[in-house]
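For reference, data23.pdb (PDB, C-alpha atoms, pLDDT in the B column):
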ATOM      1  CA  MET A   1     -13.854 -21.287 -25.063  1.00 40.00           C
ATOM      2  CA  ILE A   2     -13.173 -21.108 -21.313  1.00 46.00           C
ATOM      3  CA  ARG A   3     -14.063 -24.262 -19.460  1.00 49.00           C
ATOM      4  CA  GLN A   4     -15.086 -24.442 -15.842  1.00 50.00           C
ATOM      5  CA  PRO A   5     -12.287 -25.697 -13.611  1.00 53.00           C
ATOM      6  CA  THR A   6     -12.234 -29.300 -12.630  1.00 57.00           C
ATOM      7  CA  HIS A   7     -13.659 -29.922  -9.191  1.00 63.00           C
ATOM      8  CA  ALA A   8     -10.209 -30.969  -8.009  1.00 84.00           C
ATOM      9  CA  LEU A   9      -8.748 -27.534  -8.816  1.00 83.00           C
ATOM     10  CA  ALA A  10     -11.701 -25.643  -7.387  1.00 82.00           C
ATOM     11  CA  ASP A  11     -11.497 -27.748  -4.228  1.00 86.00           C
ATOM     12  CA  LEU A  12      -7.732 -27.278  -4.038  1.00 87.00           C
ATOM     13  CA  TYR A  13      -8.216 -23.497  -4.096  1.00 87.00           C
ATOM     14  CA  MET A  14     -10.374 -23.756  -0.979  1.00 89.00           C
ATOM     15  CA  VAL A  15      -8.099 -26.203   0.840  1.00 89.00           C
ATOM     16  CA  ASP A  16      -4.510 -25.219  -0.067  1.00 90.00           C
ATOM     17  CA  GLU A  17      -4.064 -21.923  -1.870  1.00 90.00           C
ATOM     18  CA  THR A  18      -0.324 -22.392  -2.323  1.00 92.00           C
ATOM     19  CA  ALA A  19      -0.750 -25.805  -3.923  1.00 91.00           C
ATOM     20  CA  TRP A  20      -3.473 -24.306  -6.120  1.00 92.00           C
ATOM     21  CA  LEU A  21      -1.063 -21.521  -7.185  1.00 93.00           C
ATOM     22  CA  ASP A  22       1.571 -24.131  -8.028  1.00 93.00           C
ATOM     23  CA  ALA A  23      -1.001 -26.015 -10.111  1.00 93.00           C
ATOM     24  CA  MET A  24      -2.015 -22.829 -11.942  1.00 94.00           C
ATOM     25  CA  ALA A  25       1.626 -22.003 -12.685  1.00 94.00           C
ATOM     26  CA  GLU A  26       2.249 -25.526 -13.939  1.00 95.00           C
ATOM     27  CA  LEU A  27      -0.786 -25.383 -16.246  1.00 94.00           C
ATOM     28  CA  ILE A  28       0.298 -22.009 -17.629  1.00 95.00           C
ATOM     29  CA  GLY A  29       3.891 -23.199 -18.051  1.00 96.00           C
ATOM     30  CA  SER A  30       2.789 -26.234 -20.022  1.00 96.00           C
ATOM     31  CA  GLY A  31       0.347 -24.216 -22.157  1.00 96.00           C
ATOM     32  CA  ARG A  32      -2.749 -25.985 -20.818  1.00 94.00           C
ATOM     33  CA  LEU A  33      -4.703 -22.765 -20.525  1.00 94.00           C
ATOM     34  CA  SER A  34      -8.094 -24.351 -21.034  1.00 92.00           C
ATOM     35  CA  GLU A  35      -7.619 -26.257 -17.770  1.00 92.00           C
ATOM     36  CA  LEU A  36      -7.049 -23.155 -15.640  1.00 93.00           C
ATOM     37  CA  ASP A  37      -9.419 -22.394 -12.778  1.00 93.00           C
ATOM     38  CA  TYR A  38     -10.416 -19.024 -14.273  1.00 94.00           C
ATOM     39  CA  VAL A  39     -13.115 -18.270 -11.703  1.00 93.00           C
ATOM     40  CA  HIS A  40     -10.753 -18.497  -8.749  1.00 93.00           C
ATOM     41  CA  LEU A  41      -7.812 -17.090 -10.699  1.00 95.00           C
ATOM     42  CA  LYS A  42      -9.799 -13.905 -11.345  1.00 95.00           C
ATOM     43  CA  GLU A  43     -10.784 -13.709  -7.673  1.00 94.00           C
ATOM     44  CA  TYR A  44      -7.200 -14.281  -6.559  1.00 95.00           C
ATOM     45  CA  LEU A  45      -5.775 -11.628  -8.871  1.00 95.00           C
ATOM     46  CA  GLU A  46      -8.389  -9.083  -7.750  1.00 96.00           C
ATOM     47  CA  ASP A  47      -7.553  -9.856  -4.119  1.00 96.00           C
ATOM     48  CA  MET A  48      -3.840  -9.375  -4.812  1.00 94.00           C
ATOM     49  CA  ALA A  49      -4.442  -6.005  -6.460  1.00 94.00           C
ATOM     50  CA  ARG A  50      -6.668  -4.898  -3.580  1.00 96.00           C
ATOM     51  CA  ARG A  51      -4.032  -6.045  -1.052  1.00 96.00           C
ATOM     52  CA  ASP A  52      -1.292  -4.115  -2.870  1.00 95.00           C
ATOM     53  CA  ARG A  53      -3.379  -0.919  -2.937  1.00 96.00           C
ATOM     54  CA  ARG A  54      -4.246  -1.348   0.736  1.00 97.00           C
ATOM     55  CA  GLU A  55      -0.554  -1.751   1.615  1.00 96.00           C
ATOM     56  CA  VAL A  56       0.390   1.409  -0.283  1.00 96.00           C
ATOM     57  CA  SER A  57      -2.448   3.323   1.413  1.00 97.00           C
ATOM     58  CA  SER A  58      -1.441   2.102   4.846  1.00 98.00           C
ATOM     59  CA  ARG A  59       2.248   2.874   4.387  1.00 97.00           C
ATOM     60  CA  LEU A  60       1.506   6.289   2.926  1.00 98.00           C
ATOM     61  CA  LYS A  61      -0.797   7.109   5.850  1.00 98.00           C
ATOM     62  CA  VAL A  62       1.861   6.083   8.394  1.00 98.00           C
ATOM     63  CA  LEU A  63       4.447   8.151   6.538  1.00 98.00           C
ATOM     64  CA  LEU A  64       2.179  11.194   6.465  1.00 98.00           C
ATOM     65  CA  VAL A  65       1.300  10.898  10.167  1.00 98.00           C
ATOM     66  CA  HIS A  66       4.974  10.815  11.123  1.00 97.00           C
ATOM     67  CA  VAL A  67       5.943  13.641   8.782  1.00 97.00           C
ATOM     68  CA  LEU A  68       3.127  15.758  10.226  1.00 97.00           C
ATOM     69  CA  LYS A  69       4.263  14.978  13.757  1.00 96.00           C
ATOM     70  CA  TRP A  70       7.846  15.783  12.737  1.00 96.00           C
ATOM     71  CA  HIS A  71       6.831  19.193  11.424  1.00 96.00           C
ATOM     72  CA  TYR A  72       4.259  20.139  14.054  1.00 96.00           C
ATOM     73  CA  GLN A  73       5.718  18.673  17.235  1.00 95.00           C
ATOM     74  CA  LYS A  74       9.387  19.505  16.905  1.00 93.00           C
ATOM     75  CA  GLU A  75       9.939  19.311  20.656  1.00 94.00           C
ATOM     76  CA  MET A  76       8.689  15.698  20.705  1.00 94.00           C
ATOM     77  CA  ARG A  77      10.866  14.309  17.899  1.00 94.00           C
ATOM     78  CA  THR A  78      12.432  10.949  18.525  1.00 92.00           C
ATOM     79  CA  PRO A  79      14.841   8.796  16.565  1.00 94.00           C
ATOM     80  CA  SER A  80      12.021   6.255  16.206  1.00 95.00           C
ATOM     81  CA  TRP A  81       9.966   8.804  14.242  1.00 94.00           C
ATOM     82  CA  GLN A  82      12.819   9.233  11.793  1.00 94.00           C
ATOM     83  CA  THR A  83      13.285   5.466  11.593  1.00 96.00           C
ATOM     84  CA  THR A  84       9.581   5.025  10.852  1.00 97.00           C
ATOM     85  CA  ILE A  85       9.734   7.715   8.156  1.00 97.00           C
ATOM     86  CA  ASP A  86      12.832   6.161   6.571  1.00 96.00           C
ATOM     87  CA  ASN A  87      11.282   2.692   6.676  1.00 97.00           C
ATOM     88  CA  GLN A  88       7.983   3.801   5.125  1.00 97.00           C
ATOM     89  CA  GLN A  89       9.833   5.705   2.394  1.00 97.00           C
ATOM     90  CA  ASP A  90      11.938   2.644   1.575  1.00 96.00           C
ATOM     91  CA  GLU A  91       8.959   0.287   1.539  1.00 96.00           C
ATOM     92  CA  LEU A  92       6.850   2.655  -0.559  1.00 96.00           C
ATOM     93  CA  GLU A  93       9.657   3.069  -3.080  1.00 94.00           C
ATOM     94  CA  PHE A  94       9.813  -0.712  -3.376  1.00 94.00           C
ATOM     95  CA  ASP A  95       6.026  -1.102  -3.613  1.00 90.00           C
ATOM     96  CA  MET A  96       5.762   1.629  -6.197  1.00 88.00           C
ATOM     97  CA  GLU A  97       8.272   0.212  -8.629  1.00 89.00           C
ATOM     98  CA  SER A  98       5.040  -0.757 -10.321  1.00 80.00           C
ATOM     99  CA  GLY A  99       3.780   2.302 -12.160  1.00 90.00           C
ATOM    100  CA  VAL A 100       0.217   1.254 -11.408  1.00 93.00           C
ATOM    101  CA  LEU A 101       0.766   1.489  -7.648  1.00 94.00           C
ATOM    102  CA  ARG A 102       2.612   4.793  -8.007  1.00 95.00           C
ATOM    103  CA  ASN A 103      -0.350   6.155  -9.977  1.00 95.00           C
ATOM    104  CA  TYR A 104      -2.679   4.834  -7.295  1.00 96.00           C
ATOM    105  CA  ALA A 105      -0.644   6.569  -4.557  1.00 97.00           C
ATOM    106  CA  GLU A 106      -0.645   9.855  -6.456  1.00 96.00           C
ATOM    107  CA  SER A 107      -4.363   9.747  -7.145  1.00 97.00           C
ATOM    108  CA  SER A 108      -5.172   8.759  -3.540  1.00 97.00           C
ATOM    109  CA  LEU A 109      -2.792  11.147  -1.783  1.00 98.00           C
ATOM    110  CA  ALA A 110      -5.426  13.768  -0.933  1.00 98.00           C
ATOM    111  CA  ALA A 111      -7.838  11.250   0.609  1.00 98.00           C
ATOM    112  CA  ILE A 112      -5.071   9.467   2.500  1.00 98.00           C
ATOM    113  CA  TYR A 113      -3.769  12.813   3.781  1.00 98.00           C
ATOM    114  CA  GLU A 114      -7.194  13.636   5.257  1.00 98.00           C
ATOM    115  CA  LYS A 115      -7.116  10.411   7.254  1.00 98.00           C
ATOM    116  CA  ALA A 116      -3.483  10.941   8.238  1.00 98.00           C
ATOM    117  CA  ALA A 117      -4.223  14.441   9.553  1.00 98.00           C
ATOM    118  CA  LYS A 118      -6.956  12.994  11.782  1.00 98.00           C
ATOM    119  CA  TYR A 119      -4.610  10.290  13.059  1.00 98.00           C
ATOM    120  CA  ALA A 120      -1.850  12.843  13.639  1.00 97.00           C
ATOM    121  CA  ALA A 121      -4.281  15.000  15.608  1.00 98.00           C
ATOM    122  CA  GLY A 122      -5.204  12.012  17.736  1.00 97.00           C
ATOM    123  CA  GLU A 123      -1.588  11.046  18.358  1.00 95.00           C
ATOM    124  CA  THR A 124      -0.363  14.570  19.104  1.00 96.00           C
ATOM    125  CA  GLY A 125      -3.364  15.980  20.911  1.00 96.00           C
ATOM    126  CA  LEU A 126      -3.271  18.923  18.518  1.00 97.00           C
ATOM    127  CA  PRO A 127      -6.499  20.074  16.853  1.00 97.00           C
ATOM    128  CA  VAL A 128      -6.846  18.726  13.321  1.00 97.00           C
ATOM    129  CA  LYS A 129      -7.075  22.341  12.078  1.00 97.00           C
ATOM    130  CA  THR A 130      -3.411  22.717  13.136  1.00 97.00           C
ATOM    131  CA  PHE A 131      -2.482  20.821   9.993  1.00 98.00           C
ATOM    132  CA  PRO A 132      -2.917  22.169   6.466  1.00 97.00           C
ATOM    133  CA  PRO A 133      -6.333  21.294   5.018  1.00 97.00           C
ATOM    134  CA  GLU A 134      -4.651  19.840   1.924  1.00 97.00           C
ATOM    135  CA  CYS A 135      -1.492  17.780   1.658  1.00 98.00           C
ATOM    136  CA  PRO A 136       1.429  20.226   1.423  1.00 97.00           C
ATOM    137  CA  TRP A 137       3.726  17.644  -0.192  1.00 97.00           C
ATOM    138  CA  THR A 138       3.794  15.828  -3.473  1.00 97.00           C
ATOM    139  CA  LEU A 139       4.404  12.109  -3.504  1.00 97.00           C
ATOM    140  CA  GLU A 140       7.966  12.710  -4.683  1.00 96.00           C
ATOM    141  CA  GLN A 141       8.596  15.100  -1.803  1.00 96.00           C
ATOM    142  CA  LEU A 142       7.227  12.600   0.705  1.00 97.00           C
ATOM    143  CA  LEU A 143       9.570   9.942  -0.615  1.00 97.00           C
ATOM    144  CA  SER A 144      12.584  12.236  -0.370  1.00 95.00           C
ATOM    145  CA  PRO A 145      14.770  12.655   2.742  1.00 92.00           C
ATOM    146  CA  GLU A 146      14.369  16.406   2.280  1.00 93.00           C
ATOM    147  CA  VAL A 147      10.759  16.172   3.513  1.00 94.00           C
ATOM    148  CA  LEU A 148      12.188  16.441   7.024  1.00 90.00           C
ATOM    149  CA  GLN A 149      14.488  19.391   6.390  1.00 86.00           C
ATOM    150  CA  ASN A 150      11.942  22.186   6.374  1.00 62.00           C
ATOM    151  CA  GLY A 151      10.618  21.038   9.687  1.00 53.00           C
ATOM    152  CA  ASP A 152      13.415  22.546  11.752  1.00 53.00           C
TER     153      ASP A 152
END

Whole structure given in structure tokens:
Amino acid sequence: MIRQPTHALADLYMVDETAWLDAMAELIGSGRLSELDYVHLKEYLEDMARRDRREVSSRLKVLLVHVLKWHYQKEMRTPSWQTTIDNQQDELEFDMESGVLRNYAESSLAAIYEKAAKYAAGETGLPVKTFPPECPWTLEQLLSPEVLQNGD
């Protein structure tokens, strides 16, 4: 039977999330599972998952925008574009050590690419139809340094 959290824990969640997390960890560590603030714990875990997916989406979109610019505006290439691409690849690799987030990135790639193509069009001044209508790269290709090689 799951009990409602004590008012102190529910209040702590609203006042000091870090202290609340410490309290949850302590309760779990000592096996006092019936005392957990399940209502807020569920909310917190859902928020964390949503935040992680949002981060992967954002990083993937930035990566795609810069790869598109790299391929379609060769004359405008800058070292900062390559640095941004390298950074996004590194961060995505780290984020996607979790198979769940890798699966999310793969399943969302087409939708994220559509947004990235619009952003790339806005940043480059090129018409959006300049870019392929569908993402020309797999997730693995986007995470590889070779994604820049065919853009010469």

Between atom CA of Trp20 of chain A and atom CA of Tyr38 of chain A, distance in Å (one decimal)
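Pair atom CA of Trp20 of chain A / atom CA of Tyr38 of chain A returns 11.9 Å.
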
Find the residues near Val62 of chain A: any atom within 12 Å, counting all atoms listed in the file, skip ones fewer than 5 places away on the same chain, and give them as a PyMOL selection string.
chain A and resi 55-57+67-69+81-89+91-92+112-113+115-120+123+142

So, with all atoms listed in the file as the atoms that count, which of A:Ala10, A:Gln73, A:Val147, A:Leu126 lies closest to Leu36 of chain A?
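The shortest atom-to-atom distance to Leu36 of chain A comes from A:Ala10.
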
Decode the PyMOL selection byres ((chain A and resi 98-110) around 12) for the given file into explicit residues and return them as a count of residues only.
40

For atom CA of His71 of chain A and atom CA of Leu148 of chain A, quote the distance in Å rounded to one decimal.
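About the pair atom CA of His71 of chain A and atom CA of Leu148 of chain A: they are 7.5 Å apart.
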
Expressed in Å to a single decimal, how great is the separation between atom CA of Leu27 of chain A and atom CA of Ala8 of chain A?
13.7 Å

Of the residues A:Gly122, A:Thr78, A:Asp90, A:Thr130, which is the one nearest to Pro145 of chain A, using all atoms listed in the file?
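Answer, going by the shortest atom-to-atom distance: A:Asp90.
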
Residues matched by the PyMOL selection byres ((chain A and resi 40) around 10) as a list in words:
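Answer for the PyMOL selection byres ((chain A and resi 40) around 10): Pro5, Leu9, Ala10, Tyr13, Met14, Trp20, Leu36, Asp37, Tyr38, Val39, Leu41, Lys42, Glu43, Tyr44, Leu45 and Glu46 of chain A.
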
Pick the closest to Lys129 of chain A from A:Tyr72, A:Met24, A:Gln149, A:Asp11: which is it, counting only C-alpha atoms?
A:Tyr72
